[in-house]
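Visitor: Next up, start.cif (mmCIF, C-alpha atoms).
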```cif
data_structure
loop_
_atom_site.label_atom_id
_atom_site.label_comp_id
_atom_site.auth_asym_id
_atom_site.auth_seq_id
_atom_site.Cartn_x
_atom_site.Cartn_y
_atom_site.Cartn_z
CA MET L 1 -5.41 -16.10 -10.91
CA ASN L 2 -7.38 -12.90 -10.91
CA GLY L 3 -9.05 -10.87 -8.22
CA GLY L 4 -12.53 -11.66 -9.41
CA PRO L 5 -14.51 -9.87 -12.10
CA SER L 6 -12.48 -7.19 -13.84
CA GLY L 7 -12.73 -3.53 -12.99
CA PHE L 8 -13.52 -1.87 -9.68
CA ASN L 9 -17.05 -3.13 -9.08
CA ASN L 10 -17.71 -2.92 -5.34
CA ALA L 11 -14.18 -1.59 -4.76
CA PRO L 12 -14.40 2.24 -4.73
CA VAL L 13 -11.83 2.63 -1.93
CA THR L 14 -9.27 0.58 -3.84
CA ARG L 15 -9.94 2.63 -6.97
CA THR L 16 -9.46 5.93 -5.16
CA PHE L 17 -6.30 4.80 -3.41
CA LEU L 18 -4.81 3.36 -6.60
CA ILE L 19 -5.51 6.54 -8.57
CA ALA L 20 -4.04 8.69 -5.77
CA CYS L 21 -0.83 6.63 -5.73
CA ALA L 22 -0.48 6.90 -9.51
CA LEU L 23 -1.07 10.67 -9.52
CA PHE L 24 1.35 11.39 -6.66
CA THR L 25 4.02 9.20 -8.25
CA VAL L 26 3.68 10.97 -11.60
CA PHE L 27 3.61 14.38 -9.91
CA PHE L 28 6.83 13.84 -7.94
CA GLY L 29 8.39 12.04 -10.90
CA ILE L 30 7.90 15.07 -13.14
CA GLN L 31 9.57 17.21 -10.51
CA GLY L 32 12.44 14.74 -10.23
CA ARG L 33 11.79 14.19 -6.52
CA SER L 34 10.55 10.59 -6.49
CA SER L 35 13.87 9.18 -5.29
CA LYS L 36 13.96 11.72 -2.44
CA LEU L 37 10.69 10.64 -0.82
CA GLY L 38 12.20 7.77 1.14
CA LEU L 39 12.49 8.12 4.90
CA SER L 40 15.75 8.51 6.80
CA TYR L 41 16.74 9.11 10.40
CA LEU L 42 17.67 12.70 9.62
CA ASP L 43 14.29 13.39 7.99
CA ILE L 44 12.30 12.26 11.00
CA PHE L 45 14.45 13.03 14.03
CA GLY L 46 16.68 15.77 12.65
CA LYS L 47 14.80 18.04 10.26
CA LEU L 48 11.31 16.90 11.35
CA ARG L 49 9.98 16.56 7.80
CA ILE L 50 6.56 15.31 8.86
CA TRP L 51 5.16 15.80 5.34
CA LYS L 52 7.42 12.96 4.23
CA LEU L 53 5.57 10.56 6.50
CA ILE L 54 2.42 11.15 4.46
CA MET L 55 3.92 11.39 1.00
CA SER L 56 6.14 8.35 1.54
CA VAL L 57 3.10 6.07 1.71
CA LEU L 58 1.41 7.47 -1.40
CA ALA L 59 4.12 7.79 -4.06
CA PHE L 60 6.43 5.11 -5.44
CA SER L 61 10.06 5.97 -6.09
CA SER L 62 10.41 4.38 -9.54
CA THR L 63 8.38 3.21 -12.51
CA PRO L 64 8.95 -0.55 -11.98
CA GLU L 65 7.80 -0.22 -8.37
CA LEU L 66 4.75 1.71 -9.55
CA ILE L 67 3.81 -1.01 -12.05
CA PHE L 68 4.13 -3.91 -9.63
CA GLY L 69 2.62 -1.93 -6.76
CA LEU L 70 -0.47 -0.89 -8.70
CA TYR L 71 -0.91 -4.43 -10.01
CA LEU L 72 -0.92 -5.83 -6.48
CA LEU L 73 -3.21 -3.09 -5.17
CA TYR L 74 -5.58 -3.84 -8.02
CA TYR L 75 -5.55 -7.54 -7.31
CA PHE L 76 -6.09 -7.09 -3.57
CA ARG L 77 -9.35 -5.26 -4.25
CA VAL L 78 -10.82 -8.71 -3.63
CA PHE L 79 -10.52 -8.01 0.12
CA GLU L 80 -12.64 -4.88 -0.17
CA ARG L 81 -15.29 -6.98 -1.88
CA GLN L 82 -15.11 -9.53 0.91
CA ILE L 83 -15.26 -7.27 3.99
CA GLY L 84 -16.88 -4.17 2.48
CA SER L 85 -15.55 -0.70 1.74
CA ASN L 86 -15.99 0.55 5.28
CA LYS L 87 -13.90 -2.13 6.99
CA TYR L 88 -11.40 -2.09 4.14
CA SER L 89 -10.88 1.64 4.77
CA VAL L 90 -10.06 0.74 8.38
CA PHE L 91 -7.66 -1.94 7.13
CA ILE L 92 -5.87 0.59 4.91
CA LEU L 93 -5.52 3.16 7.68
CA PHE L 94 -4.41 0.57 10.25
CA SER L 95 -1.89 -1.08 7.91
CA LEU L 96 -0.29 2.15 6.74
CA THR L 97 -0.18 3.67 10.23
CA VAL L 98 1.21 0.63 12.03
CA ALA L 99 3.73 -0.12 9.28
CA LEU L 100 4.86 3.50 9.36
CA LEU L 101 5.32 3.34 13.14
CA PHE L 102 7.45 0.21 12.74
CA GLU L 103 9.54 1.98 10.09
CA VAL L 104 10.11 5.01 12.34
CA PHE L 105 11.02 2.68 15.22
CA ALA L 106 13.53 0.87 12.99
CA LEU L 107 15.07 4.19 11.92
CA ALA L 108 15.38 5.19 15.55
CA LEU L 109 17.19 1.95 16.37
CA LEU L 110 19.58 2.13 13.41
CA LYS L 111 20.36 5.84 13.88
CA ASP L 112 22.17 6.27 10.58
CA PRO L 113 21.81 9.98 9.66
CA ALA L 114 23.41 9.55 6.25
CA ALA L 115 21.43 6.56 4.95
CA ASN L 116 18.06 6.75 3.20
CA LEU L 117 16.88 3.44 4.63
CA VAL L 118 13.21 3.28 3.62
CA THR L 119 11.91 3.59 0.08
CA SER L 120 8.59 5.30 -0.59
CA GLY L 121 5.30 3.72 -1.57
CA PRO L 122 2.32 2.03 0.12
CA TYR L 123 4.40 -1.00 1.07
CA GLY L 124 2.60 -1.22 4.40
CA LEU L 125 -0.77 -1.81 2.76
CA ILE L 126 0.51 -4.07 -0.02
CA PHE L 127 2.46 -6.44 2.21
CA ALA L 128 -0.15 -6.36 4.96
CA SER L 129 -2.55 -7.68 2.32
CA PHE L 130 -0.33 -10.71 1.79
CA VAL L 131 -1.30 -11.95 5.27
CA PRO L 132 -5.00 -12.52 4.48
CA PHE L 133 -3.95 -13.57 0.97
CA PHE L 134 -1.86 -16.38 2.47
CA PHE L 135 -4.40 -17.52 5.07
CA ASP L 136 -7.79 -16.80 3.49
CA ILE L 137 -7.44 -17.17 -0.27
CA PRO L 138 -7.46 -20.88 -1.17
CA VAL L 139 -5.53 -22.43 -4.04
CA SER L 140 -7.90 -23.38 -6.84
CA THR L 141 -5.47 -24.78 -9.43
CA ARG L 142 -1.99 -26.32 -9.40
CA PHE L 143 0.35 -26.97 -12.30
CA ARG L 144 3.96 -27.81 -13.12
CA VAL L 145 6.50 -25.89 -15.18
CA PHE L 146 9.71 -27.80 -15.95
CA GLY L 147 8.97 -30.07 -13.03
CA VAL L 148 8.44 -27.21 -10.56
CA ARG L 149 5.03 -27.05 -8.89
CA PHE L 150 3.12 -23.79 -9.04
CA SER L 151 -0.36 -22.68 -8.08
CA ASP L 152 -2.63 -19.90 -9.26
CA LYS L 153 -1.35 -17.86 -6.27
CA SER L 154 2.30 -18.15 -7.32
CA PHE L 155 2.20 -15.19 -9.70
CA ILE L 156 0.98 -12.89 -6.92
CA TYR L 157 3.79 -14.06 -4.66
CA LEU L 158 6.33 -13.51 -7.47
CA ALA L 159 5.03 -9.98 -8.05
CA GLY L 160 5.31 -9.32 -4.32
CA LEU L 161 8.84 -10.71 -4.23
CA GLN L 162 9.83 -8.48 -7.14
CA LEU L 163 8.45 -5.44 -5.32
CA LEU L 164 10.07 -6.48 -2.03
CA LEU L 165 13.50 -6.70 -3.67
CA SER L 166 13.05 -3.75 -6.03
CA SER L 167 15.20 -1.40 -3.92
CA TRP L 168 16.93 -4.13 -1.95
CA LYS L 169 17.40 -3.09 1.70
CA ARG L 170 15.35 0.08 1.25
CA SER L 171 12.28 -1.92 0.15
CA ILE L 172 12.76 -5.01 2.37
CA LEU L 173 12.34 -2.98 5.58
CA PRO L 174 8.93 -1.43 4.71
CA GLY L 175 7.80 -4.77 3.27
CA LEU L 176 8.54 -6.56 6.55
CA CYS L 177 6.84 -3.76 8.49
CA GLY L 178 3.76 -4.24 6.30
CA ILE L 179 3.69 -7.98 7.02
CA LEU L 180 3.88 -7.23 10.76
CA ALA L 181 1.02 -4.75 10.42
CA GLY L 182 -1.09 -7.30 8.54
CA SER L 183 -0.37 -9.92 11.20
CA LEU L 184 -1.51 -7.59 13.97
CA TYR L 185 -4.70 -6.87 12.04
CA ARG L 186 -5.34 -10.58 11.64
CA LEU L 187 -4.75 -11.10 15.37
CA ASN L 188 -7.50 -8.52 15.89
CA LEU L 189 -5.38 -6.18 18.00
CA PHE L 190 -7.66 -3.84 19.95
CA ARG L 191 -10.56 -5.55 18.12
CA ILE L 192 -9.58 -3.63 15.02
CA ARG L 193 -11.41 -6.03 12.73
CA ARG L 194 -14.71 -4.88 14.21
CA ALA L 195 -13.93 -1.19 13.82
CA LYS L 196 -15.85 0.88 11.29
CA PHE L 197 -15.82 4.44 10.08
CA PRO L 198 -19.03 6.47 10.02
CA GLU L 199 -20.91 5.44 6.90
CA PHE L 200 -20.48 8.79 5.20
CA VAL L 201 -16.69 8.29 5.20
CA ALA L 202 -16.90 5.06 3.21
CA SER L 203 -19.56 6.41 0.85
CA PHE L 204 -17.34 9.43 0.18
CA PHE L 205 -15.06 7.24 -1.95
CA SER L 206 -17.98 6.14 -4.11
CA ARG L 207 -18.82 9.76 -4.86
CA LEU L 208 -15.19 10.74 -5.28
CA SER L 209 -14.24 8.03 -7.78
CA TRP L 210 -15.38 8.08 -11.38
CA PRO L 211 -16.90 4.93 -12.93
CA SER L 212 -14.56 2.24 -14.17
CA VAL L 213 -13.91 2.14 -17.90
CA GLY L 214 -15.26 -0.96 -19.54
CA ASN L 215 -17.63 -1.89 -16.72
CA PRO L 216 -21.07 -0.53 -17.58
CA PRO L 217 -23.55 -0.88 -14.77
CA ALA L 218 -25.88 -3.83 -15.07
CA ALA L 219 -29.64 -3.57 -14.92
CA PRO L 220 -30.61 -4.25 -11.34
CA THR L 221 -33.55 -6.57 -12.06
CA ARG L 222 -32.05 -8.77 -14.74
CA ASN L 223 -30.11 -11.77 -13.52
CA VAL L 224 -29.12 -15.30 -14.32
CA VAL L 225 -28.74 -18.22 -11.94
CA GLY L 226 -26.38 -16.60 -9.48
CA ASN L 227 -25.38 -13.11 -8.62
CA ALA L 228 -22.73 -10.78 -10.04
CA PRO L 229 -20.75 -8.79 -7.50
CA SER L 230 -22.41 -5.57 -8.64
CA TYR L 231 -25.78 -6.72 -7.30
CA THR L 232 -26.97 -6.22 -3.77
CA GLY L 233 -26.98 -9.09 -1.32
CA HIS L 234 -30.74 -9.38 -0.90
CA GLN L 235 -31.24 -10.00 -4.63
CA VAL L 236 -29.34 -13.25 -4.31
CA GLU L 237 -32.06 -14.74 -2.16
CA ALA L 238 -34.78 -14.13 -4.76
CA SER L 239 -35.34 -17.84 -5.40
CA ILE L 240 -32.89 -17.84 -8.31
CA PHE L 241 -32.18 -21.54 -8.12
CA ASN L 242 -35.76 -22.48 -7.34
CA LEU L 243 -36.98 -21.32 -10.73
CA SER L 244 -38.21 -23.95 -13.09
CA CYS L 245 -36.42 -22.96 -16.31
CA THR L 246 -36.99 -24.58 -19.62
CA SER L 247 -34.63 -24.50 -22.56
CA GLY L 248 -34.12 -20.87 -23.53
CA ALA L 249 -34.99 -17.76 -21.56
CA VAL L 250 -38.12 -17.08 -19.51
CA TRP L 251 -39.27 -14.47 -17.05
CA ASN L 252 -40.44 -15.56 -13.63
CA ASN L 253 -42.80 -13.77 -11.29
CA THR L 254 -39.98 -11.96 -9.50
CA GLY L 255 -38.79 -10.29 -12.69
CA LEU L 256 -35.53 -12.22 -12.76
CA TYR L 257 -34.14 -13.61 -15.99
CA CYS L 258 -33.24 -17.30 -16.04
CA ILE L 259 -31.30 -19.21 -18.67
CA LYS L 260 -30.99 -22.98 -18.87
CA ARG L 261 -27.42 -24.06 -19.62
CA ASN L 262 -27.41 -27.86 -19.24
CA TYR L 263 -25.60 -27.59 -15.93
CA PRO L 264 -26.25 -30.62 -13.70
CA SER L 265 -28.43 -29.97 -10.70
CA MET L 266 -28.51 -31.61 -7.32
CA PRO L 267 -30.71 -31.46 -4.24
CA THR L 268 -30.28 -28.29 -2.26
CA SER L 269 -29.86 -30.33 0.94
CA THR L 270 -26.22 -31.05 0.04
CA GLU L 271 -24.15 -28.23 1.47
CA PRO L 272 -21.09 -27.25 -0.63
CA PRO L 273 -17.65 -27.43 1.03
CA GLU L 274 -16.60 -24.27 2.79
CA ASP L 275 -13.31 -24.07 0.86
CA SER L 276 -15.18 -24.11 -2.46
CA ILE L 277 -17.41 -21.28 -1.27
CA ALA L 278 -14.34 -19.37 -0.07
CA THR L 279 -12.72 -19.79 -3.49
CA LEU L 280 -15.67 -18.16 -5.25
CA VAL L 281 -16.00 -15.45 -2.59
CA SER L 282 -12.31 -14.64 -3.04
CA MET L 283 -13.05 -14.01 -6.72
CA GLY L 284 -15.51 -11.28 -5.76
CA PHE L 285 -18.83 -13.14 -5.86
CA ASP L 286 -21.50 -12.91 -3.21
CA ARG L 287 -21.34 -15.75 -0.69
CA ASN L 288 -24.98 -16.81 -1.04
CA ALA L 289 -24.74 -16.77 -4.82
CA ALA L 290 -21.54 -18.81 -4.65
CA ARG L 291 -23.20 -21.42 -2.45
CA GLN L 292 -26.22 -21.73 -4.72
CA ALA L 293 -24.03 -21.92 -7.83
CA LEU L 294 -22.05 -24.77 -6.24
CA VAL L 295 -25.25 -26.59 -5.36
CA HIS L 296 -26.42 -26.23 -8.93
CA ALA L 297 -23.02 -27.37 -10.28
CA ARG L 298 -22.62 -30.41 -8.00
CA ASN L 299 -19.83 -28.65 -6.11
CA ASP L 300 -17.71 -28.21 -9.24
CA VAL L 301 -15.89 -24.89 -8.76
CA ASN L 302 -15.20 -24.34 -12.46
CA THR L 303 -18.80 -24.96 -13.47
CA ALA L 304 -20.04 -22.76 -10.63
CA THR L 305 -17.67 -20.01 -11.75
CA ASN L 306 -19.07 -20.21 -15.29
CA ILE L 307 -22.59 -19.93 -13.92
CA LEU L 308 -21.72 -16.84 -11.91
CA LEU L 309 -19.83 -15.22 -14.80
CA GLU L 310 -22.80 -15.86 -17.07
CA SER L 311 -24.96 -14.00 -14.59
CA GLN L 312 -22.62 -11.04 -14.84
CA SER L 313 -22.63 -10.96 -18.63
CA HIS L 314 -26.42 -11.00 -19.05
#
```
Before anything else, please render the file you have as structure tokens.

Guide:
Amino acid sequence: MNGGPSGFNNAPVTRTFLIACALFTVFFGIQGRSSKLGLSYLDIFGKLRIWKLIMSVLAFSSTPELIFGLYLLYYFRVFERQIGSNKYSVFILFSLTVALLFEVFALALLKDPAANLVTSGPYGLIFASFVPFFFDIPVSTRFRVFGVRFSDKSFIYLAGLQLLLSSWKRSILPGLCGILAGSLYRLNLFRIRRAKFPEFVASFFSRLSWPSVGNPPAAPTRNVVGNAPSYTGHQVEASIFNLSCTSGAVWNNTGLYCIKRNYPSMPTSTEPPEDSIATLVSMGFDRNAARQALVHARNDVNTATNILLESQSH
């Protein structure tokens, strides 16, 4: 299972955060201080090392944690594509802040001045993301390995389990705090899911991040039946599936490019199932394009995915 089309299309906040985590981890690793970034009771309530509160959520303490953490952050970019960069920025801030408060509260309860109880890294964000991953991302394929049933979501859960147990007790605590933070976000505490930053804050990440390698921008007026995630929402409604395409490629009066691919068609009055639409949306595609692709593919998710991926490649 992947997080949709490769690269960071429509995910500038994820890209910036991922790069920042990698740079801070490398920086503190070169200085030999990565293992000292974890939080302890003495750091917070004794020496008042407030800077650790910030650095502890940006830098991982070891290379294995960095690899699994960046992989999960990269995968969860699908949520930024779903809710938009602005609301995803709110989700990041809320998850990290609430998880950090839970961690400090746990340290205050345990009151062990000698123990370094919390490992460093953006565990709050990563494990908060598992909450919408569990509830909102549907299973698209199932398979068996040596008689054991797996799904396309199993590998993400296994990566999360590896990260959760990477430092044993020191990583379990921030992981659980992240799950609690994600649950509170899902419960819409203080109507947080409606909150937004001023638009210039979200657009700042687009200007700050450099373009993704291997993802050249697509021409904005050239499309195939469907819509790639890099296109704007209103282009989806440009009568893509109402074109009368013959074998080969033709131009219609809207300037869109249509290719006939022997996909079965069906009347547009049949509405695709919501779970099929959610599956394609979770892969990073626009909702309207996903619905039209399913209509065109007789509600076959695999065929609809091929249609949408074709639109991205042309």

Visitor: Which residues come within 8 Å of Pro272 (chain L), counting all atoms listed in the file, excluding same-chain residues fewer than 6 positions away, as a PyMOL selection string?

Guide: chain L and resi 291+294-295+299

Visitor: Let me make sure I understand: among L:Arg81, L:Lys153, L:Arg15, L:Lys111, which one has the smallest atom-to-atom distance to Phe285 (chain L) if we use only C-alpha atoms?

Guide: L:Arg81

Visitor: Pull out every residue that the PyMOL selection byres ((chain L and resi 142) around 10) matches in the shown coordinates and put them as a list in words.

Guide: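 Applied to this file, the PyMOL selection byres ((chain L and resi 142) around 10) selects Val139, Ser140, Thr141, Phe143, Arg144, Arg149, Phe150, Ser151, Asp152, Lys153 and Ser154 of chain L.
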
Visitor: Write out as a ChimeraX atom specification each polymer residue whose atoms come within 6 Å of region 172-185 of chain L, counting all atoms listed in the file; drop sequence neighbours fewer than 5 positions from it.

Guide: /L:95,98-99,102,123-124,127-128,131,164

Visitor: Nearest to Met55 (chain L) among L:Leu72, L:Leu39, L:Leu308, L:Val201, with distances taken over all atoms listed in the file: which residue is it?

Guide: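 Under the stated criterion, the closest residue is L:Leu39.
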
Visitor: From the options L:Leu18, L:Leu161, L:Ile307, L:Leu125, which residue's atoms come nearest to Tyr71 (chain L), counting all atoms listed in the file?

Guide: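 For Tyr71 (chain L), the nearest of the given residues is L:Leu18.
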
Visitor: The PyMOL selection byres ((chain L and resi 277) around 12) - which residues does that actually catch in the file I just gave you? List them as an NGL selection string.

Guide: :L and (136-138 or 140 or 271-276 or 278-295 or 299-302 or 304-305)
